[in-house]
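Trainee: This one is structure17.txt, compact mmCIF, C-alpha atoms.
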# COMPACT_ATOMS: atom_id res chain seq x y z
CA MET A 1 6.87 -139.01 141.33
CA SER A 2 5.33 -136.49 143.69
CA LYS A 3 2.53 -134.20 142.67
CA LYS A 4 3.58 -130.59 142.05
CA LYS A 5 2.31 -128.03 144.54
CA LYS A 6 0.51 -125.13 142.91
CA LEU A 7 -0.66 -121.89 144.49
CA ALA A 8 -2.88 -119.13 143.11
CA VAL A 9 -3.53 -115.82 144.81
CA VAL A 10 -6.54 -113.72 143.76
CA PHE A 11 -6.22 -109.91 144.00
CA PRO A 12 -9.55 -108.09 143.42
CA GLY A 13 -10.24 -104.54 142.34
CA ILE A 14 -11.76 -101.71 144.33
CA GLY A 15 -15.38 -102.46 143.46
CA TYR A 16 -14.72 -105.75 141.72
CA HIS A 17 -14.62 -108.33 144.50
CA VAL A 18 -13.58 -111.98 144.22
CA ASP A 19 -17.12 -113.21 143.47
CA LYS A 20 -17.64 -111.08 140.36
CA PRO A 21 -17.50 -112.98 137.03
CA LEU A 22 -13.87 -112.61 135.91
CA LEU A 23 -12.39 -113.53 139.29
CA TYR A 24 -15.05 -116.11 140.15
CA TYR A 25 -14.59 -118.08 136.93
CA GLY A 26 -10.84 -117.47 136.82
CA ARG A 27 -10.64 -118.93 140.31
CA LYS A 28 -12.75 -121.93 139.22
CA LEU A 29 -10.31 -122.60 136.36
CA LEU A 30 -7.40 -122.55 138.81
CA GLN A 31 -9.20 -124.95 141.15
CA GLU A 32 -9.88 -127.32 138.23
CA LYS A 33 -6.11 -127.34 137.64
CA ASP A 34 -5.46 -128.29 141.29
CA TYR A 35 -4.23 -124.92 142.50
CA GLN A 36 -4.58 -124.07 146.16
CA VAL A 37 -6.39 -120.72 145.95
CA VAL A 38 -5.89 -117.87 148.40
CA LEU A 39 -8.23 -114.86 148.22
CA VAL A 40 -7.13 -111.37 149.20
CA PRO A 41 -10.43 -109.57 149.93
CA TYR A 42 -9.69 -105.89 150.44
CA ARG A 43 -11.70 -103.71 152.80
CA LYS A 44 -12.25 -100.00 153.48
CA PHE A 45 -11.15 -98.25 150.32
CA PRO A 46 -11.62 -94.50 149.97
CA LYS A 47 -14.72 -93.48 148.02
CA ASN A 48 -14.76 -91.85 144.55
CA VAL A 49 -11.27 -93.04 143.61
CA LYS A 50 -11.55 -92.96 139.82
CA GLY A 51 -9.75 -89.96 138.37
CA ASN A 52 -8.35 -88.86 141.73
CA GLU A 53 -4.62 -89.63 141.92
CA LYS A 54 -4.38 -88.96 145.67
CA LYS A 55 -7.26 -91.31 146.46
CA MET A 56 -5.86 -93.92 144.06
CA ARG A 57 -2.52 -93.86 145.92
CA ALA A 58 -4.41 -94.17 149.22
CA ALA A 59 -6.40 -97.12 147.82
CA PHE A 60 -3.18 -98.80 146.68
CA LYS A 61 -1.61 -98.32 150.14
CA THR A 62 -4.72 -99.81 151.77
CA ALA A 63 -4.63 -102.83 149.43
CA TRP A 64 -0.87 -103.21 149.87
CA LYS A 65 -1.01 -103.26 153.68
CA GLN A 66 -3.85 -105.78 153.67
CA THR A 67 -2.05 -107.96 151.12
CA GLU A 68 1.20 -108.03 153.09
CA LYS A 69 -0.68 -108.99 156.24
CA MET A 70 -2.80 -111.69 154.55
CA LEU A 71 0.09 -113.30 152.67
CA SER A 72 2.72 -113.04 155.42
CA SER A 73 2.19 -116.61 156.62
CA ILE A 74 2.62 -118.21 153.17
CA ASP A 75 5.93 -119.88 152.42
CA PHE A 76 6.02 -119.36 148.66
CA SER A 77 9.14 -121.54 148.35
CA GLU A 78 6.96 -124.60 149.03
CA TYR A 79 5.23 -124.24 145.65
CA ASP A 80 6.38 -125.39 142.24
CA THR A 81 4.01 -123.07 140.39
CA ILE A 82 2.54 -119.74 141.54
CA VAL A 83 -0.13 -117.77 139.70
CA PHE A 84 -1.38 -114.32 140.65
CA LEU A 85 -4.85 -113.66 139.24
CA SER A 86 -5.71 -109.98 139.55
CA LYS A 87 -8.14 -107.27 138.53
CA SER A 88 -7.68 -103.49 138.23
CA ILE A 89 -5.85 -102.08 141.29
CA GLY A 90 -5.18 -105.69 142.27
CA THR A 91 -2.94 -105.97 139.18
CA LYS A 92 -0.67 -103.26 140.57
CA VAL A 93 -0.59 -104.90 144.00
CA ALA A 94 0.12 -108.34 142.51
CA VAL A 95 2.94 -107.08 140.28
CA ASP A 96 4.57 -105.05 143.06
CA TYR A 97 4.26 -107.93 145.54
CA ALA A 98 5.96 -110.36 143.14
CA ALA A 99 8.71 -107.81 142.45
CA LYS A 100 9.34 -106.94 146.11
CA TYR A 101 9.56 -110.57 147.21
CA GLN A 102 11.23 -111.76 143.99
CA LEU A 103 8.63 -114.46 143.44
CA PRO A 104 8.61 -116.59 140.28
CA VAL A 105 4.99 -115.80 139.51
CA TYR A 106 2.84 -116.04 136.40
CA GLN A 107 0.50 -113.03 136.30
CA ILE A 108 -3.02 -113.07 134.85
CA LEU A 109 -3.96 -109.39 134.58
CA TYR A 110 -7.64 -108.58 134.10
CA THR A 111 -8.02 -104.90 133.16
CA PRO A 112 -4.62 -103.66 134.37
CA LEU A 113 -4.07 -99.99 135.13
CA ASN A 114 -1.41 -97.90 133.40
CA VAL A 115 0.68 -97.99 136.61
CA THR A 116 0.54 -101.80 136.77
CA PHE A 117 3.66 -102.15 134.64
CA GLU A 118 6.02 -99.89 136.64
CA ASN A 119 7.80 -102.69 138.57
CA PHE A 120 7.07 -105.53 136.22
CA SER A 121 9.26 -108.63 136.60
CA SER A 122 6.99 -111.61 135.81
CA GLU A 123 5.65 -113.58 132.91
CA ALA A 124 2.07 -112.59 132.21
CA VAL A 125 -1.00 -112.32 130.06
CA ALA A 126 -3.26 -109.25 130.06
CA PHE A 127 -6.90 -108.58 129.17
CA HIS A 128 -8.19 -105.09 128.39
CA GLY A 129 -11.36 -103.52 127.00
CA THR A 130 -10.97 -100.66 124.52
CA ALA A 131 -13.69 -98.65 126.34
CA ASP A 132 -12.00 -99.03 129.75
CA ASP A 133 -12.17 -95.58 131.35
CA TRP A 134 -9.68 -96.54 134.10
CA ALA A 135 -6.77 -97.21 131.70
CA ASP A 136 -5.57 -95.88 128.37
CA THR A 137 -5.71 -98.52 125.62
CA LYS A 138 -2.69 -97.17 123.73
CA GLU A 139 -0.63 -97.08 126.94
CA ILE A 140 -1.66 -100.65 127.85
CA GLN A 141 -0.80 -101.84 124.32
CA GLU A 142 2.58 -100.10 124.42
CA GLN A 143 3.51 -101.49 127.84
CA CYS A 144 2.47 -105.02 126.88
CA ARG A 145 4.40 -104.79 123.61
CA LYS A 146 7.50 -103.47 125.39
CA LEU A 147 7.35 -106.18 128.08
CA GLN A 148 6.32 -108.92 125.61
CA ILE A 149 3.07 -109.62 127.44
CA PRO A 150 0.34 -111.21 125.32
CA LEU A 151 -2.61 -108.79 125.36
CA PHE A 152 -6.18 -109.81 124.59
CA LEU A 153 -8.29 -106.80 123.63
CA THR A 154 -12.08 -106.76 123.73
CA GLU A 155 -13.42 -104.08 121.42
CA GLY A 156 -15.90 -101.76 123.16
CA ALA A 157 -15.57 -103.46 126.56
CA ASN A 158 -15.40 -101.45 129.77
CA HIS A 159 -13.36 -101.94 132.95
CA SER A 160 -15.38 -105.08 133.77
CA LEU A 161 -14.76 -106.44 130.26
CA GLU A 162 -18.44 -105.99 129.52
CA CYS A 163 -20.10 -104.05 126.71
CA PRO A 164 -23.05 -102.06 128.09
CA LYS A 165 -24.69 -101.79 124.66
CA ARG A 166 -24.71 -105.56 124.20
CA ASN A 167 -27.23 -107.96 125.70
CA VAL A 168 -26.58 -110.43 128.53
CA LYS A 169 -25.87 -113.35 126.19
CA GLU A 170 -23.23 -111.36 124.28
CA ASN A 171 -21.57 -110.25 127.52
CA LEU A 172 -21.52 -113.83 128.77
CA GLU A 173 -19.83 -114.81 125.50
CA ILE A 174 -17.11 -112.22 126.24
CA ILE A 175 -16.55 -113.72 129.70
CA GLN A 176 -16.49 -117.20 128.14
CA LYS A 177 -13.86 -116.11 125.60
CA VAL A 178 -11.71 -114.53 128.33
CA MET A 179 -11.93 -117.76 130.35
CA GLU A 180 -10.96 -119.83 127.29
CA GLN A 181 -7.93 -117.60 126.75
CA THR A 182 -7.07 -117.81 130.47
CA LYS A 183 -7.37 -121.60 130.40
CA TRP A 184 -5.16 -121.75 127.31
CA LYS A 185 -2.42 -119.84 129.17
CA LEU A 186 -2.82 -121.98 132.29
CA ASP A 187 -2.48 -125.14 130.17
CA LEU A 188 0.98 -123.91 129.14
CA LEU A 189 2.27 -123.60 132.72
So that I can check it, write out the structure of this file as structure tokens.
Mentor:
Amino acid sequence: MSKKKKLAVVFPGIGYHVDKPLLYYGRKLLQEKDYQVVLVPYRKFPKNVKGNEKKMRAAFKTAWKQTEKMLSSIDFSEYDTIVFLSKSIGTKVAVDYAAKYQLPVYQILYTPLNVTFENFSSEAVAFHGTADDWADTKEIQEQCRKLQIPLFLTEGANHSLECPKRNVKENLEIIQKVMEQTKWKLDLL
């Protein structure tokens, strides 16, 4: 019996690169489960994007072009299991990429944006903080409910799934809980 080939692609956020806690530890979990991991490190985003729809669209286009170029040499049909691990704007890019190329992908969405769900066609799990000022909690809840996506909410957490009023130990416990929930989902694949 041959070993199944597994691929994971990591899509970061604008200021949340692949070595920040959620993506770093999420990536480590995937590596422990024998996934080949491909990183999509974006470059040259516009500045002051938050709250500016025009700049957000420009940032998405920048990320999209870089993603298409970086992933163009991958033959996704060679893999038995594909996971897209993404954060913030990366969630939108990951979802749209899977939809455009009709990939059978499992999505792990860390702090998705409201627009993330526009072209949704994958199985997924989502993580959101109720104090996330980049996405509306009620909108995220509604979209996840409608699409039957399990949603893990962290009360009072921001767009990095951290709580600024809590100490370091408490914030590390949040990251640990998110990783346990991520691992639980990965164990089901």
Trainee: Between A:Asp34, A:Ala58, A:Leu7, A:Asp187, which has the minimum distance to A:Leu103 (counting only C-alpha atoms)?
Mentor: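 Distance minimum relative to A:Leu103 lands on A:Leu7.
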Trainee: Excluding same-chain residues fewer than 5 positions from A:Phe117, what lies within 9 Å of it counting all atoms listed in the file, as a CSV table (one decimal) with C-alpha atoms, in the coordinates of the input?
Mentor:
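And here's part.csv as it stands now:
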chain,number,residue,atom,x,y,z
A,91,THR,CA,-2.9,-106.0,139.2
A,92,LYS,CA,-0.7,-103.3,140.6
A,95,VAL,CA,2.9,-107.1,140.3
A,96,ASP,CA,4.6,-105.0,143.1
A,112,PRO,CA,-4.6,-103.7,134.4
A,140,ILE,CA,-1.7,-100.6,127.8
A,143,GLN,CA,3.5,-101.5,127.8
A,144,CYS,CA,2.5,-105.0,126.9
A,147,LEU,CA,7.4,-106.2,128.1
Trainee: At a cut-off of 12 Å, using only C-alpha atoms, what residues contact A:Ala94? Leave out same-chain residues fewer than 3 positions from it and give the result as a ChimeraX atom specification.
Mentor: /A:8-13,40,60,63-64,67-68,71,82-91,97-103,105-110,112-113,115-122,124
Trainee: Which distance in Å separates atom CA of A:Thr182 and atom CA of A:Gly51, to one decimal?
Mentor: 29.1 Å
Trainee: Given the point (3.3, -125.8, 148.7) in the coordinates of this file, which residues lie within 10 Å, counting all atoms listed in the file, and how would they look as a list in words?
Mentor: Lys4, Lys5, Lys6, Leu7, Tyr35, Gln36, Ile74, Asp75, Phe76, Ser77, Glu78, Tyr79, Asp80, Thr81 and Ile82 of chain A
Trainee: Distance atom CA of A:Lys33-atom CA of A:Lys183, one decimal place?
Mentor: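 Atom-to-atom, atom CA of A:Lys33 to atom CA of A:Lys183, that is 9.3 Å.
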Trainee: A:Lys146, A:Leu22, A:Arg166, A:Val93: which is nearest A:Phe127, counting all atoms listed in the file?
Mentor: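 Checking each of A:Lys146, A:Leu22, A:Arg166, A:Val93 against A:Phe127, counting all atoms listed in the file, the winner is A:Leu22.
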Trainee: I'd like the interatomic distance between atom CA of A:Leu39 and atom CA of A:Glu123, to a tenth of an Å.
Mentor: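 The value is 20.7 Å.
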Trainee: Pick the closest to A:Pro46 from A:Leu186, A:Ile174, A:Ala126, A:Ile14: which is it, counting all atoms listed in the file?
Mentor: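 Ranked by minimum distance to A:Pro46, first place goes to A:Ile14.
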Trainee: Any idea what's packed within 8 Å of A:Ile175, counting only C-alpha atoms, ignoring anything in its chain fewer than 2 positions away? Could you give it as a ChimeraX atom specification?
Mentor: /A:21-22,161-162,171-173,177-179
Trainee: What's the 7 Å shell around A:Asn114, counting all atoms listed in the file, without same-chain residues fewer than 6 positions away, as a PyMOL selection string?
Mentor: chain A and resi 135-136+139-140
Trainee: Axis-aligned box over every listed atom of stretch 124-140 of chain A, padded by 4 Å per side: centre and edges in Å to one decimal, as JSON?
Mentor:
{"center_x": -5.8, "center_y": -104.1, "center_z": 128.9, "size_x": 23.8, "size_y": 25.0, "size_z": 18.4}
Trainee: Can you find the residues with an atom no farther than 12 Å from (-17.3, -100.7, 132.2), counting all atoms listed in the file, and report them as an mmCIF file with C-alpha atoms, in the coordinates of the input?
Mentor:
data_model
loop_
_atom_site.group_PDB
_atom_site.id
_atom_site.type_symbol
_atom_site.label_atom_id
_atom_site.label_comp_id
_atom_site.auth_asym_id
_atom_site.auth_seq_id
_atom_site.Cartn_x
_atom_site.Cartn_y
_atom_site.Cartn_z
ATOM 1 C CA GLY A 15 -15.380 -102.460 143.460
ATOM 2 C CA TYR A 16 -14.720 -105.750 141.720
ATOM 3 C CA SER A 88 -7.680 -103.490 138.230
ATOM 4 C CA THR A 111 -8.020 -104.900 133.160
ATOM 5 C CA HIS A 128 -8.190 -105.090 128.390
ATOM 6 C CA GLY A 129 -11.360 -103.520 127.000
ATOM 7 C CA THR A 130 -10.970 -100.660 124.520
ATOM 8 C CA ALA A 131 -13.690 -98.650 126.340
ATOM 9 C CA ASP A 132 -12.000 -99.030 129.750
ATOM 10 C CA ASP A 133 -12.170 -95.580 131.350
ATOM 11 C CA TRP A 134 -9.680 -96.540 134.100
ATOM 12 C CA ALA A 135 -6.770 -97.210 131.700
ATOM 13 C CA THR A 154 -12.080 -106.760 123.730
ATOM 14 C CA GLU A 155 -13.420 -104.080 121.420
ATOM 15 C CA GLY A 156 -15.900 -101.760 123.160
ATOM 16 C CA ALA A 157 -15.570 -103.460 126.560
ATOM 17 C CA ASN A 158 -15.400 -101.450 129.770
ATOM 18 C CA HIS A 159 -13.360 -101.940 132.950
ATOM 19 C CA SER A 160 -15.380 -105.080 133.770
ATOM 20 C CA LEU A 161 -14.760 -106.440 130.260
ATOM 21 C CA GLU A 162 -18.440 -105.990 129.520
ATOM 22 C CA CYS A 163 -20.100 -104.050 126.710
ATOM 23 C CA PRO A 164 -23.050 -102.060 128.090
ATOM 24 C CA LYS A 165 -24.690 -101.790 124.660
ATOM 25 C CA ARG A 166 -24.710 -105.560 124.200
ATOM 26 C CA ASN A 171 -21.570 -110.250 127.520
#
Trainee: At a cut-off of 6 Å, using only C-alpha atoms, what residues contact A:Ala59? Leave out same-chain residues fewer than 3 positions from it and give the result as a list in words.
Mentor: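 The contact residues come out as Phe45, Met56 and Thr62 of chain A.
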Trainee: Got a minute to add N, CA, C and O atoms to stretch 76-101 of chain A and dump it as a CSV table (one decimal), in the coordinates of the input?
Mentor:
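For reference, out-v2.csv as written:
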chain,number,residue,atom,x,y,z
A,76,PHE,N,6.1,-119.2,150.1
A,76,PHE,CA,6.0,-119.4,148.7
A,76,PHE,C,7.0,-120.4,148.1
A,76,PHE,O,6.8,-120.9,147.0
A,77,SER,N,8.1,-120.6,148.8
A,77,SER,CA,9.1,-121.5,148.4
A,77,SER,C,8.6,-123.0,148.3
A,77,SER,O,9.3,-123.9,147.7
A,78,GLU,N,7.5,-123.3,149.0
A,78,GLU,CA,7.0,-124.6,149.0
A,78,GLU,C,6.2,-125.0,147.7
A,78,GLU,O,5.9,-126.1,147.5
A,79,TYR,N,6.0,-124.0,146.8
A,79,TYR,CA,5.2,-124.2,145.6
A,79,TYR,C,6.1,-124.3,144.4
A,79,TYR,O,7.0,-123.5,144.2
A,80,ASP,N,5.7,-125.2,143.5
A,80,ASP,CA,6.4,-125.4,142.2
A,80,ASP,C,5.9,-124.4,141.2
A,80,ASP,O,6.6,-123.9,140.4
A,81,THR,N,4.6,-124.0,141.3
A,81,THR,CA,4.0,-123.1,140.4
A,81,THR,C,3.2,-122.1,141.2
A,81,THR,O,2.4,-122.5,142.0
A,82,ILE,N,3.3,-120.8,140.9
A,82,ILE,CA,2.5,-119.7,141.5
A,82,ILE,C,1.9,-118.9,140.5
A,82,ILE,O,2.6,-118.4,139.6
A,83,VAL,N,0.6,-118.7,140.6
A,83,VAL,CA,-0.1,-117.8,139.7
A,83,VAL,C,-0.8,-116.7,140.5
A,83,VAL,O,-1.4,-116.9,141.6
A,84,PHE,N,-0.6,-115.4,140.1
A,84,PHE,CA,-1.4,-114.3,140.6
A,84,PHE,C,-2.5,-113.9,139.6
A,84,PHE,O,-2.1,-113.5,138.5
A,85,LEU,N,-3.7,-114.0,140.0
A,85,LEU,CA,-4.8,-113.7,139.2
A,85,LEU,C,-5.4,-112.3,139.8
A,85,LEU,O,-5.7,-112.3,141.0
A,86,SER,N,-5.4,-111.3,139.0
A,86,SER,CA,-5.7,-110.0,139.6
A,86,SER,C,-6.6,-109.2,138.6
A,86,SER,O,-6.7,-109.4,137.4
A,87,LYS,N,-7.2,-108.1,139.2
A,87,LYS,CA,-8.1,-107.3,138.5
A,87,LYS,C,-7.9,-105.8,139.0
A,87,LYS,O,-7.8,-105.5,140.2
A,88,SER,N,-7.8,-104.9,138.0
A,88,SER,CA,-7.7,-103.5,138.2
A,88,SER,C,-6.6,-103.1,139.2
A,88,SER,O,-5.4,-103.4,139.0
A,89,ILE,N,-6.9,-102.5,140.3
A,89,ILE,CA,-5.8,-102.1,141.3
A,89,ILE,C,-5.1,-103.3,141.8
A,89,ILE,O,-3.9,-103.2,142.2
A,90,GLY,N,-5.8,-104.4,141.8
A,90,GLY,CA,-5.2,-105.7,142.3
A,90,GLY,C,-4.0,-106.1,141.4
A,90,GLY,O,-3.1,-106.7,141.8
A,91,THR,N,-4.1,-105.7,140.1
A,91,THR,CA,-2.9,-106.0,139.2
A,91,THR,C,-1.7,-105.3,139.6
A,91,THR,O,-0.6,-105.8,139.6
A,92,LYS,N,-1.8,-104.0,140.1
A,92,LYS,CA,-0.7,-103.3,140.6
A,92,LYS,C,-0.1,-103.9,141.8
A,92,LYS,O,1.1,-104.0,142.0
A,93,VAL,N,-1.0,-104.3,142.8
A,93,VAL,CA,-0.6,-104.9,144.0
A,93,VAL,C,0.1,-106.2,143.7
A,93,VAL,O,1.2,-106.5,144.3
A,94,ALA,N,-0.5,-107.0,142.8
A,94,ALA,CA,0.1,-108.3,142.5
A,94,ALA,C,1.5,-108.2,141.9
A,94,ALA,O,2.5,-108.9,142.3
A,95,VAL,N,1.7,-107.3,141.0
A,95,VAL,CA,2.9,-107.1,140.3
A,95,VAL,C,4.0,-106.6,141.3
A,95,VAL,O,5.1,-107.1,141.3
A,96,ASP,N,3.6,-105.6,142.1
A,96,ASP,CA,4.6,-105.0,143.1
A,96,ASP,C,4.9,-106.1,144.1
A,96,ASP,O,6.1,-106.1,144.6
A,97,TYR,N,4.0,-106.9,144.5
A,97,TYR,CA,4.3,-107.9,145.5
A,97,TYR,C,5.3,-108.9,145.0
A,97,TYR,O,6.2,-109.3,145.7
A,98,ALA,N,5.0,-109.4,143.8
A,98,ALA,CA,6.0,-110.4,143.1
A,98,ALA,C,7.3,-109.8,143.0
A,98,ALA,O,8.4,-110.4,143.2
A,99,ALA,N,7.4,-108.5,142.6
A,99,ALA,CA,8.7,-107.8,142.4
A,99,ALA,C,9.4,-107.6,143.8
A,99,ALA,O,10.6,-108.0,143.9
A,100,LYS,N,8.7,-107.2,144.8
A,100,LYS,CA,9.3,-106.9,146.1
A,100,LYS,C,9.9,-108.2,146.7
A,100,LYS,O,11.0,-108.2,147.2
A,101,TYR,N,9.1,-109.3,146.6
A,101,TYR,CA,9.6,-110.6,147.2
A,101,TYR,C,10.2,-111.5,146.2
A,101,TYR,O,10.5,-112.7,146.6
